[in-house]
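To be precise, the following lines are upload_14.txt, and they hold compact mmCIF, N, CA and C atoms and all ligand atoms.
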```
# COMPACT_ATOMS: atom_id res chain seq x y z
N MET T 1 243.70 -62.83 160.27
CA MET T 1 244.61 -61.75 159.92
C MET T 1 243.85 -60.50 159.49
N HIS T 2 243.36 -59.77 160.45
CA HIS T 2 242.62 -58.54 160.24
C HIS T 2 243.44 -57.54 159.41
N GLU T 3 244.68 -57.36 159.79
CA GLU T 3 245.52 -56.36 159.13
C GLU T 3 245.71 -56.66 157.65
N MET T 4 245.98 -57.94 157.33
CA MET T 4 246.20 -58.28 155.93
C MET T 4 244.94 -58.04 155.11
N GLY T 5 243.79 -58.30 155.71
CA GLY T 5 242.52 -58.03 155.03
C GLY T 5 242.38 -56.56 154.70
N ILE T 6 242.77 -55.72 155.62
CA ILE T 6 242.70 -54.27 155.40
C ILE T 6 243.69 -53.85 154.31
N VAL T 7 244.89 -54.42 154.36
CA VAL T 7 245.88 -54.11 153.33
C VAL T 7 245.32 -54.46 151.95
N LEU T 8 244.69 -55.63 151.84
CA LEU T 8 244.14 -56.05 150.55
C LEU T 8 243.02 -55.11 150.10
N HIS T 9 242.21 -54.71 151.05
CA HIS T 9 241.11 -53.78 150.74
C HIS T 9 241.67 -52.43 150.25
N LEU T 10 242.68 -51.94 150.93
CA LEU T 10 243.30 -50.66 150.55
C LEU T 10 243.95 -50.76 149.18
N ALA T 11 244.62 -51.89 148.94
CA ALA T 11 245.30 -52.08 147.66
C ALA T 11 244.29 -52.09 146.51
N LYS T 12 243.13 -52.66 146.77
CA LYS T 12 242.07 -52.69 145.76
C LYS T 12 241.59 -51.27 145.47
N THR T 13 241.40 -50.49 146.53
CA THR T 13 241.01 -49.09 146.38
C THR T 13 242.05 -48.32 145.58
N LEU T 14 243.33 -48.56 145.90
CA LEU T 14 244.42 -47.86 145.21
C LEU T 14 244.51 -48.29 143.75
N ASP T 15 244.25 -49.56 143.49
CA ASP T 15 244.23 -50.07 142.11
C ASP T 15 243.16 -49.37 141.29
N GLU T 16 241.99 -49.23 141.89
CA GLU T 16 240.88 -48.58 141.19
C GLU T 16 241.19 -47.10 140.94
N ALA T 17 241.78 -46.44 141.94
CA ALA T 17 242.16 -45.03 141.79
C ALA T 17 243.23 -44.89 140.70
N ALA T 18 244.13 -45.86 140.63
CA ALA T 18 245.20 -45.83 139.63
C ALA T 18 244.62 -45.90 138.23
N GLU T 19 243.62 -46.76 138.09
CA GLU T 19 242.98 -46.91 136.79
C GLU T 19 242.28 -45.61 136.37
N GLU T 20 241.56 -45.03 137.30
CA GLU T 20 240.82 -43.79 137.00
C GLU T 20 241.74 -42.61 136.71
N ASN T 21 242.87 -42.54 137.41
CA ASN T 21 243.73 -41.37 137.32
C ASN T 21 245.00 -41.61 136.50
N HIS T 22 245.08 -42.75 135.82
CA HIS T 22 246.24 -43.11 135.01
C HIS T 22 247.54 -43.10 135.83
N ILE T 23 247.46 -43.63 137.02
CA ILE T 23 248.63 -43.67 137.89
C ILE T 23 249.48 -44.89 137.54
N THR T 24 250.77 -44.65 137.39
CA THR T 24 251.67 -45.76 137.06
C THR T 24 252.45 -46.24 138.28
N LYS T 25 252.55 -45.39 139.28
CA LYS T 25 253.35 -45.72 140.44
C LYS T 25 252.94 -44.85 141.63
N TYR T 26 252.86 -45.47 142.79
CA TYR T 26 252.58 -44.70 144.00
C TYR T 26 253.87 -44.35 144.73
N GLY T 27 253.99 -43.09 145.13
CA GLY T 27 255.17 -42.64 145.87
C GLY T 27 254.98 -42.79 147.37
N SER T 28 253.84 -42.33 147.84
CA SER T 28 253.54 -42.51 149.25
C SER T 28 252.04 -42.65 149.46
N VAL T 29 251.71 -43.34 150.50
CA VAL T 29 250.31 -43.53 150.86
C VAL T 29 250.18 -43.16 152.33
N THR T 30 249.32 -42.19 152.61
CA THR T 30 249.10 -41.77 153.99
C THR T 30 247.76 -42.30 154.47
N LEU T 31 247.81 -43.05 155.55
CA LEU T 31 246.58 -43.60 156.12
C LEU T 31 246.28 -42.95 157.45
N SER T 32 245.00 -42.70 157.68
CA SER T 32 244.55 -42.26 158.99
C SER T 32 243.95 -43.47 159.70
N VAL T 33 244.54 -43.80 160.84
CA VAL T 33 244.11 -44.99 161.56
C VAL T 33 243.54 -44.59 162.93
N GLY T 34 242.32 -44.97 163.18
CA GLY T 34 241.68 -44.64 164.45
C GLY T 34 242.36 -45.31 165.63
N GLU T 35 242.37 -44.58 166.72
CA GLU T 35 243.04 -45.02 167.94
C GLU T 35 242.49 -46.35 168.47
N VAL T 36 241.19 -46.56 168.29
CA VAL T 36 240.58 -47.80 168.78
C VAL T 36 240.10 -48.70 167.64
N SER T 37 240.75 -48.57 166.48
CA SER T 37 240.37 -49.39 165.33
C SER T 37 240.82 -50.84 165.51
N GLY T 38 241.71 -51.08 166.47
CA GLY T 38 242.21 -52.43 166.71
C GLY T 38 243.34 -52.80 165.77
N ILE T 39 243.75 -51.86 164.93
CA ILE T 39 244.86 -52.13 164.02
C ILE T 39 246.18 -51.94 164.75
N MET T 40 247.00 -52.98 164.71
CA MET T 40 248.33 -52.88 165.31
C MET T 40 249.27 -52.34 164.23
N THR T 41 249.75 -51.14 164.44
CA THR T 41 250.47 -50.46 163.36
C THR T 41 251.76 -51.17 162.95
N ASP T 42 252.48 -51.76 163.91
CA ASP T 42 253.72 -52.47 163.56
C ASP T 42 253.42 -53.65 162.65
N TYR T 43 252.43 -54.42 163.05
CA TYR T 43 252.04 -55.58 162.27
C TYR T 43 251.48 -55.17 160.92
N PHE T 44 250.71 -54.08 160.94
CA PHE T 44 250.13 -53.56 159.71
C PHE T 44 251.23 -53.19 158.71
N THR T 45 252.26 -52.52 159.22
CA THR T 45 253.39 -52.12 158.36
C THR T 45 254.09 -53.34 157.77
N ASP T 46 254.23 -54.41 158.59
CA ASP T 46 254.83 -55.65 158.09
C ASP T 46 253.99 -56.24 156.95
N CYS T 47 252.68 -56.25 157.15
CA CYS T 47 251.78 -56.78 156.11
C CYS T 47 251.89 -55.96 154.83
N TRP T 48 251.94 -54.67 155.02
CA TRP T 48 252.04 -53.75 153.88
C TRP T 48 253.33 -54.01 153.09
N ASP T 49 254.44 -54.13 153.83
CA ASP T 49 255.73 -54.37 153.18
C ASP T 49 255.74 -55.69 152.41
N TYR T 50 255.15 -56.71 153.03
CA TYR T 50 255.07 -58.02 152.39
C TYR T 50 254.27 -57.91 151.09
N PHE T 51 253.14 -57.21 151.19
CA PHE T 51 252.24 -57.11 150.05
C PHE T 51 252.82 -56.25 148.93
N LYS T 52 253.38 -55.12 149.29
CA LYS T 52 253.80 -54.16 148.26
C LYS T 52 254.96 -54.69 147.40
N SER T 53 255.78 -55.57 147.98
CA SER T 53 256.88 -56.14 147.21
C SER T 53 256.36 -57.00 146.06
N ARG T 54 255.09 -57.41 146.16
CA ARG T 54 254.48 -58.23 145.12
C ARG T 54 253.52 -57.43 144.24
N HIS T 55 253.48 -56.15 144.46
CA HIS T 55 252.48 -55.33 143.78
C HIS T 55 253.18 -54.17 143.09
N PRO T 56 253.34 -54.24 141.75
CA PRO T 56 254.17 -53.26 141.02
C PRO T 56 253.83 -51.80 141.28
N LEU T 57 252.55 -51.48 141.36
CA LEU T 57 252.15 -50.07 141.58
C LEU T 57 252.65 -49.51 142.91
N LEU T 58 252.79 -50.41 143.88
CA LEU T 58 253.11 -49.97 145.24
C LEU T 58 254.54 -50.29 145.66
N LYS T 59 255.28 -50.91 144.74
CA LYS T 59 256.60 -51.44 145.07
C LYS T 59 257.51 -50.42 145.78
N ASP T 60 257.54 -49.19 145.27
CA ASP T 60 258.43 -48.17 145.82
C ASP T 60 257.72 -47.18 146.74
N SER T 61 256.53 -47.53 147.15
CA SER T 61 255.76 -46.58 147.95
C SER T 61 256.19 -46.58 149.41
N VAL T 62 255.93 -45.45 150.05
CA VAL T 62 256.22 -45.31 151.47
C VAL T 62 254.88 -45.21 152.20
N LEU T 63 254.73 -46.01 153.22
CA LEU T 63 253.49 -45.97 154.00
C LEU T 63 253.65 -45.02 155.18
N LYS T 64 252.70 -44.08 155.28
CA LYS T 64 252.71 -43.15 156.42
C LYS T 64 251.43 -43.36 157.20
N LEU T 65 251.56 -43.46 158.49
CA LEU T 65 250.38 -43.69 159.32
C LEU T 65 250.15 -42.50 160.25
N GLU T 66 248.92 -42.07 160.30
CA GLU T 66 248.53 -41.00 161.22
C GLU T 66 247.44 -41.55 162.13
N THR T 67 247.48 -41.16 163.37
CA THR T 67 246.48 -41.65 164.31
C THR T 67 245.33 -40.65 164.44
N ILE T 68 244.12 -41.16 164.38
CA ILE T 68 242.94 -40.35 164.66
C ILE T 68 242.55 -40.62 166.11
N PRO T 69 242.52 -39.58 166.96
CA PRO T 69 242.15 -39.80 168.36
C PRO T 69 240.70 -40.28 168.46
N ALA T 70 240.46 -41.19 169.38
CA ALA T 70 239.10 -41.70 169.57
C ALA T 70 238.32 -40.76 170.48
N VAL T 71 237.09 -40.44 170.06
CA VAL T 71 236.21 -39.54 170.82
C VAL T 71 234.85 -40.22 171.00
N THR T 72 234.35 -40.17 172.22
CA THR T 72 233.03 -40.73 172.53
C THR T 72 232.06 -39.62 172.92
N PHE T 73 230.82 -39.77 172.50
CA PHE T 73 229.76 -38.81 172.80
C PHE T 73 228.82 -39.41 173.86
N CYS T 74 228.50 -38.60 174.86
CA CYS T 74 227.56 -39.05 175.89
C CYS T 74 226.18 -38.50 175.54
N SER T 75 225.21 -39.39 175.36
CA SER T 75 223.87 -38.92 174.98
C SER T 75 223.08 -38.43 176.19
N ASN T 76 223.58 -38.70 177.37
CA ASN T 76 222.91 -38.22 178.58
C ASN T 76 223.19 -36.73 178.83
N CYS T 77 224.48 -36.35 178.85
CA CYS T 77 224.82 -34.94 179.10
C CYS T 77 225.30 -34.23 177.85
N GLU T 78 225.35 -34.95 176.73
CA GLU T 78 225.70 -34.38 175.43
C GLU T 78 227.08 -33.75 175.38
N LYS T 79 228.03 -34.41 176.05
CA LYS T 79 229.42 -33.95 175.97
C LYS T 79 230.26 -35.02 175.27
N ASN T 80 231.39 -34.55 174.72
CA ASN T 80 232.36 -35.46 174.13
C ASN T 80 233.52 -35.65 175.09
N TYR T 81 234.10 -36.85 175.06
CA TYR T 81 235.29 -37.08 175.90
C TYR T 81 236.22 -38.08 175.21
N PRO T 82 237.51 -38.10 175.61
CA PRO T 82 238.46 -39.02 174.99
C PRO T 82 238.20 -40.48 175.40
N THR T 83 237.97 -41.32 174.41
CA THR T 83 237.57 -42.72 174.63
C THR T 83 238.63 -43.54 175.37
N VAL T 84 239.88 -43.36 174.96
CA VAL T 84 240.93 -44.22 175.50
C VAL T 84 241.09 -44.04 177.00
N LYS T 85 240.92 -42.79 177.45
CA LYS T 85 241.10 -42.49 178.87
C LYS T 85 239.92 -42.96 179.72
N TYR T 86 238.71 -42.81 179.20
CA TYR T 86 237.52 -43.05 180.03
C TYR T 86 236.67 -44.25 179.62
N GLY T 87 236.94 -44.83 178.47
CA GLY T 87 236.17 -45.99 178.04
C GLY T 87 234.72 -45.66 177.77
N LYS T 88 233.82 -46.55 178.21
CA LYS T 88 232.41 -46.39 177.84
C LYS T 88 231.60 -45.61 178.87
N THR T 89 232.25 -45.21 179.96
CA THR T 89 231.51 -44.47 180.99
C THR T 89 231.87 -43.00 180.94
N CYS T 90 230.83 -42.17 180.82
CA CYS T 90 231.04 -40.72 180.71
C CYS T 90 231.70 -40.17 181.98
N PRO T 91 232.82 -39.42 181.84
CA PRO T 91 233.51 -38.87 183.02
C PRO T 91 232.75 -37.69 183.63
N TYR T 92 231.80 -37.12 182.91
CA TYR T 92 231.08 -35.95 183.41
C TYR T 92 229.87 -36.33 184.26
N CYS T 93 229.11 -37.32 183.78
CA CYS T 93 227.88 -37.66 184.49
C CYS T 93 227.81 -39.13 184.89
N GLY T 94 228.79 -39.93 184.48
CA GLY T 94 228.82 -41.34 184.87
C GLY T 94 227.88 -42.23 184.07
N SER T 95 227.26 -41.67 183.05
CA SER T 95 226.32 -42.44 182.23
C SER T 95 227.06 -43.45 181.34
N GLY T 96 226.38 -44.54 181.03
CA GLY T 96 226.92 -45.52 180.09
C GLY T 96 226.28 -45.39 178.71
N GLU T 97 225.42 -44.39 178.57
CA GLU T 97 224.74 -44.15 177.28
C GLU T 97 225.67 -43.37 176.37
N THR T 98 226.70 -44.02 175.90
CA THR T 98 227.75 -43.31 175.16
C THR T 98 228.02 -43.99 173.83
N TRP T 99 228.44 -43.21 172.86
CA TRP T 99 228.66 -43.72 171.51
C TRP T 99 230.01 -43.25 170.99
N LEU T 100 230.71 -44.15 170.37
CA LEU T 100 231.98 -43.79 169.73
C LEU T 100 231.68 -42.93 168.49
N ILE T 101 232.24 -41.73 168.45
CA ILE T 101 232.02 -40.86 167.29
C ILE T 101 233.10 -41.08 166.24
N THR T 102 234.32 -41.10 166.71
CA THR T 102 235.43 -41.27 165.78
C THR T 102 236.55 -42.05 166.46
N GLY T 103 237.37 -42.74 165.66
CA GLY T 103 238.48 -43.50 166.24
C GLY T 103 238.48 -44.96 165.84
N ASN T 104 237.46 -45.36 165.06
CA ASN T 104 237.35 -46.76 164.67
C ASN T 104 237.61 -46.96 163.18
N GLU T 105 238.21 -45.95 162.54
CA GLU T 105 238.32 -46.01 161.09
C GLU T 105 239.74 -46.28 160.60
N CYS T 106 239.82 -46.61 159.34
CA CYS T 106 241.11 -46.73 158.66
C CYS T 106 240.89 -46.20 157.25
N LEU T 107 241.37 -44.99 157.00
CA LEU T 107 241.08 -44.30 155.75
C LEU T 107 242.36 -43.92 155.01
N ILE T 108 242.25 -43.91 153.70
CA ILE T 108 243.36 -43.36 152.91
C ILE T 108 243.20 -41.85 152.94
N LYS T 109 244.18 -41.18 153.53
CA LYS T 109 244.07 -39.74 153.64
C LYS T 109 244.59 -39.05 152.38
N GLU T 110 245.70 -39.56 151.88
CA GLU T 110 246.36 -38.89 150.77
C GLU T 110 247.35 -39.85 150.12
N VAL T 111 247.51 -39.72 148.82
CA VAL T 111 248.57 -40.49 148.15
C VAL T 111 249.36 -39.57 147.24
N GLU T 112 250.63 -39.89 147.07
CA GLU T 112 251.44 -39.22 146.06
C GLU T 112 251.68 -40.24 144.96
N ALA T 113 251.51 -39.80 143.73
CA ALA T 113 251.60 -40.78 142.65
C ALA T 113 252.17 -40.17 141.38
N GLU T 114 252.73 -41.06 140.56
CA GLU T 114 253.17 -40.65 139.23
C GLU T 114 252.13 -41.14 138.24
N THR T 115 251.84 -40.30 137.27
CA THR T 115 250.85 -40.70 136.28
C THR T 115 251.51 -40.95 134.92
N SER T 116 250.77 -41.57 134.03
CA SER T 116 251.34 -41.98 132.74
C SER T 116 251.70 -40.80 131.84
N ASP T 117 251.17 -39.61 132.13
CA ASP T 117 251.59 -38.44 131.34
C ASP T 117 252.84 -37.77 131.90
N GLY T 118 253.44 -38.41 132.89
CA GLY T 118 254.73 -37.95 133.40
C GLY T 118 254.65 -36.98 134.55
N SER T 119 253.46 -36.53 134.87
CA SER T 119 253.35 -35.57 135.97
C SER T 119 253.29 -36.30 137.31
N GLU T 120 253.72 -35.59 138.32
CA GLU T 120 253.61 -36.13 139.66
C GLU T 120 252.56 -35.33 140.38
N GLY T 121 251.76 -35.98 141.11
CA GLY T 121 250.72 -35.21 141.77
C GLY T 121 250.25 -35.88 143.03
N VAL T 122 249.46 -35.14 143.74
CA VAL T 122 248.88 -35.67 144.96
C VAL T 122 247.39 -35.89 144.69
N VAL T 123 246.96 -37.08 144.96
CA VAL T 123 245.55 -37.39 144.78
C VAL T 123 244.93 -37.52 146.16
N GLU T 124 243.93 -36.73 146.38
CA GLU T 124 243.22 -36.86 147.65
C GLU T 124 241.88 -37.48 147.38
N GLN T 125 241.54 -38.40 148.19
CA GLN T 125 240.25 -39.05 147.97
C GLN T 125 239.65 -39.50 149.28
N GLU T 126 238.38 -39.64 149.23
CA GLU T 126 237.66 -40.15 150.39
C GLU T 126 237.62 -41.67 150.25
N ALA T 127 238.22 -42.33 151.16
CA ALA T 127 238.12 -43.79 151.13
C ALA T 127 236.93 -44.19 152.00
N ASP T 128 236.42 -45.36 151.74
CA ASP T 128 235.27 -45.76 152.55
C ASP T 128 235.72 -46.27 153.92
N ASP T 129 234.84 -46.12 154.85
CA ASP T 129 235.10 -46.56 156.20
C ASP T 129 235.04 -48.08 156.25
N LEU T 130 236.08 -48.69 156.76
CA LEU T 130 236.14 -50.16 156.74
C LEU T 130 235.20 -50.80 157.75
N ASN T 131 234.76 -49.99 158.67
CA ASN T 131 233.87 -50.56 159.69
C ASN T 131 232.43 -50.23 159.38
ZN ZN B 201 227.66 -37.69 180.30
```
The structure in this file should be written as C-alpha cells.
Amino acid sequence: MHEMGIVLHLAKTLDEAAEENHITKYGSVTLSVGEVSGIMTDYFTDCWDYFKSRHPLLKDSVLKLETIPAVTFCSNCEKNYPTVKYGKTCPYCGSGETWLITGNECLIKEVEAETSDGSEGVVEQEADDLN
C-alpha cells in the first residue's frame, strides 16, 4: 500500500508542523503530486479519508490535489520535453540519455490551519521529497 505509506508520512510531517506552529486543527491541505509519481489520486483520497477520520488534527480537513507535469531532460541535445507523451526517448534527437527532472514528487504545497491563539492562517512549507 504505497498510498497509505505516503499518507502516514504526510500526517507525520503535519503533526510536526502543528507542534511547531501551535496548530489545533487543519482546514485544508494542498498537495502537489507529480504526474509520474505512481500515486493513484482516487485511491490516495480514499486512504486520506480513512486516516483523517482517526486523526483529530485532520478530522475536518479538505484534501486538495494538484498535478505537477512530468518533464524529462535530454543530456544529448540539452532540451526538455514532456515525459508522459514521449517517455524515455528524446523526441528531438532520439537519444535515450534522458533524465526525469520533475514529476516524481509528492509535496505539501500549502495548508490552512487554526492555531491555539485563535488566529487562522496559511502555513507554507517545504516538504521533503518522498522519492
Ligand atoms: Zn535529445
Nearest residue to ligand ZN 201 (chain B) from the set T:Met4, T:Ile39, T:Ala17, T:Cys93 (distances using only C-alpha atoms and all ligand atoms): T:Cys93
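For the pair atom CA of Asp117 of chain T and atom CA of Pro56 of chain T, the interatomic distance is 17.9 Å.
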Option closest in space to ligand ZN 201 (chain B), from T:Lys109, T:Lys88, T:Lys25, T:Lys79 [counting only C-alpha atoms and all ligand atoms]: T:Lys79
Selection as an MDAnalysis selection string: residues within 6.5 Å of ligand ZN 201 (chain B) by all atoms listed in the file: chainID T and resid 74:79 90:95
With N, CA and C atoms retained, write the just-selected residues as a PDB file, in the coordinates of the input.
```
ATOM      1  N   CYS T  74     228.500 -38.600 174.860  1.00  0.00           N
ATOM      2  CA  CYS T  74     227.560 -39.050 175.890  1.00  0.00           C
ATOM      3  C   CYS T  74     226.180 -38.500 175.540  1.00  0.00           C
ATOM      4  N   SER T  75     225.210 -39.390 175.360  1.00  0.00           N
ATOM      5  CA  SER T  75     223.870 -38.920 174.980  1.00  0.00           C
ATOM      6  C   SER T  75     223.080 -38.430 176.190  1.00  0.00           C
ATOM      7  N   ASN T  76     223.580 -38.700 177.370  1.00  0.00           N
ATOM      8  CA  ASN T  76     222.910 -38.220 178.580  1.00  0.00           C
ATOM      9  C   ASN T  76     223.190 -36.730 178.830  1.00  0.00           C
ATOM     10  N   CYS T  77     224.480 -36.350 178.850  1.00  0.00           N
ATOM     11  CA  CYS T  77     224.820 -34.940 179.100  1.00  0.00           C
ATOM     12  C   CYS T  77     225.300 -34.230 177.850  1.00  0.00           C
ATOM     13  N   GLU T  78     225.350 -34.950 176.730  1.00  0.00           N
ATOM     14  CA  GLU T  78     225.700 -34.380 175.430  1.00  0.00           C
ATOM     15  C   GLU T  78     227.080 -33.750 175.380  1.00  0.00           C
ATOM     16  N   LYS T  79     228.030 -34.410 176.050  1.00  0.00           N
ATOM     17  CA  LYS T  79     229.420 -33.950 175.970  1.00  0.00           C
ATOM     18  C   LYS T  79     230.260 -35.020 175.270  1.00  0.00           C
ATOM     19  N   CYS T  90     230.830 -42.170 180.820  1.00  0.00           N
ATOM     20  CA  CYS T  90     231.040 -40.720 180.710  1.00  0.00           C
ATOM     21  C   CYS T  90     231.700 -40.170 181.980  1.00  0.00           C
ATOM     22  N   PRO T  91     232.820 -39.420 181.840  1.00  0.00           N
ATOM     23  CA  PRO T  91     233.510 -38.870 183.020  1.00  0.00           C
ATOM     24  C   PRO T  91     232.750 -37.690 183.630  1.00  0.00           C
ATOM     25  N   TYR T  92     231.800 -37.120 182.910  1.00  0.00           N
ATOM     26  CA  TYR T  92     231.080 -35.950 183.410  1.00  0.00           C
ATOM     27  C   TYR T  92     229.870 -36.330 184.260  1.00  0.00           C
ATOM     28  N   CYS T  93     229.110 -37.320 183.780  1.00  0.00           N
ATOM     29  CA  CYS T  93     227.880 -37.660 184.490  1.00  0.00           C
ATOM     30  C   CYS T  93     227.810 -39.130 184.890  1.00  0.00           C
ATOM     31  N   GLY T  94     228.790 -39.930 184.480  1.00  0.00           N
ATOM     32  CA  GLY T  94     228.820 -41.340 184.870  1.00  0.00           C
ATOM     33  C   GLY T  94     227.880 -42.230 184.070  1.00  0.00           C
ATOM     34  N   SER T  95     227.260 -41.670 183.050  1.00  0.00           N
ATOM     35  CA  SER T  95     226.320 -42.440 182.230  1.00  0.00           C
ATOM     36  C   SER T  95     227.060 -43.450 181.340  1.00  0.00           C
TER      37      SER T  95
END
```
For atom C of Asn104 of chain T and atom N of Glu35 of chain T, the interatomic separation in Å (one decimal): 6.4 Å
Best match for closeness to Leu57 of chain T among T:Thr24, T:Trp99, T:Ile108, T:Thr13, counting only C-alpha atoms: T:Thr24
Picked from chain T by DSSP as alpha helix (DSSP H), as an MDAnalysis selection string: chainID T and resid 2:21 41:52 83:86
Computed interatomic separation between atom CA of Leu58 of chain T and atom CA of Ala70 of chain T (Å): 29.3 Å
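Remark: for Val111 of chain T, the closest of the candidate residues T:Leu31, T:Thr41, T:Gly96, T:Val71 is T:Leu31 (distances computed over all atoms listed in the file).
With distances restricted to all atoms listed in the file, T:Trp48 is the closest residue to Leu8 of chain T from T:Glu20, T:Trp48, T:Thr89, T:Thr115.
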Residue contacts of Gly38 of chain T (8 Å, all atoms listed in the file) excluding same-chain residues fewer than 2 positions away, as a ChimeraX atom specification: /T:2-3,33-36,40-41,103-105
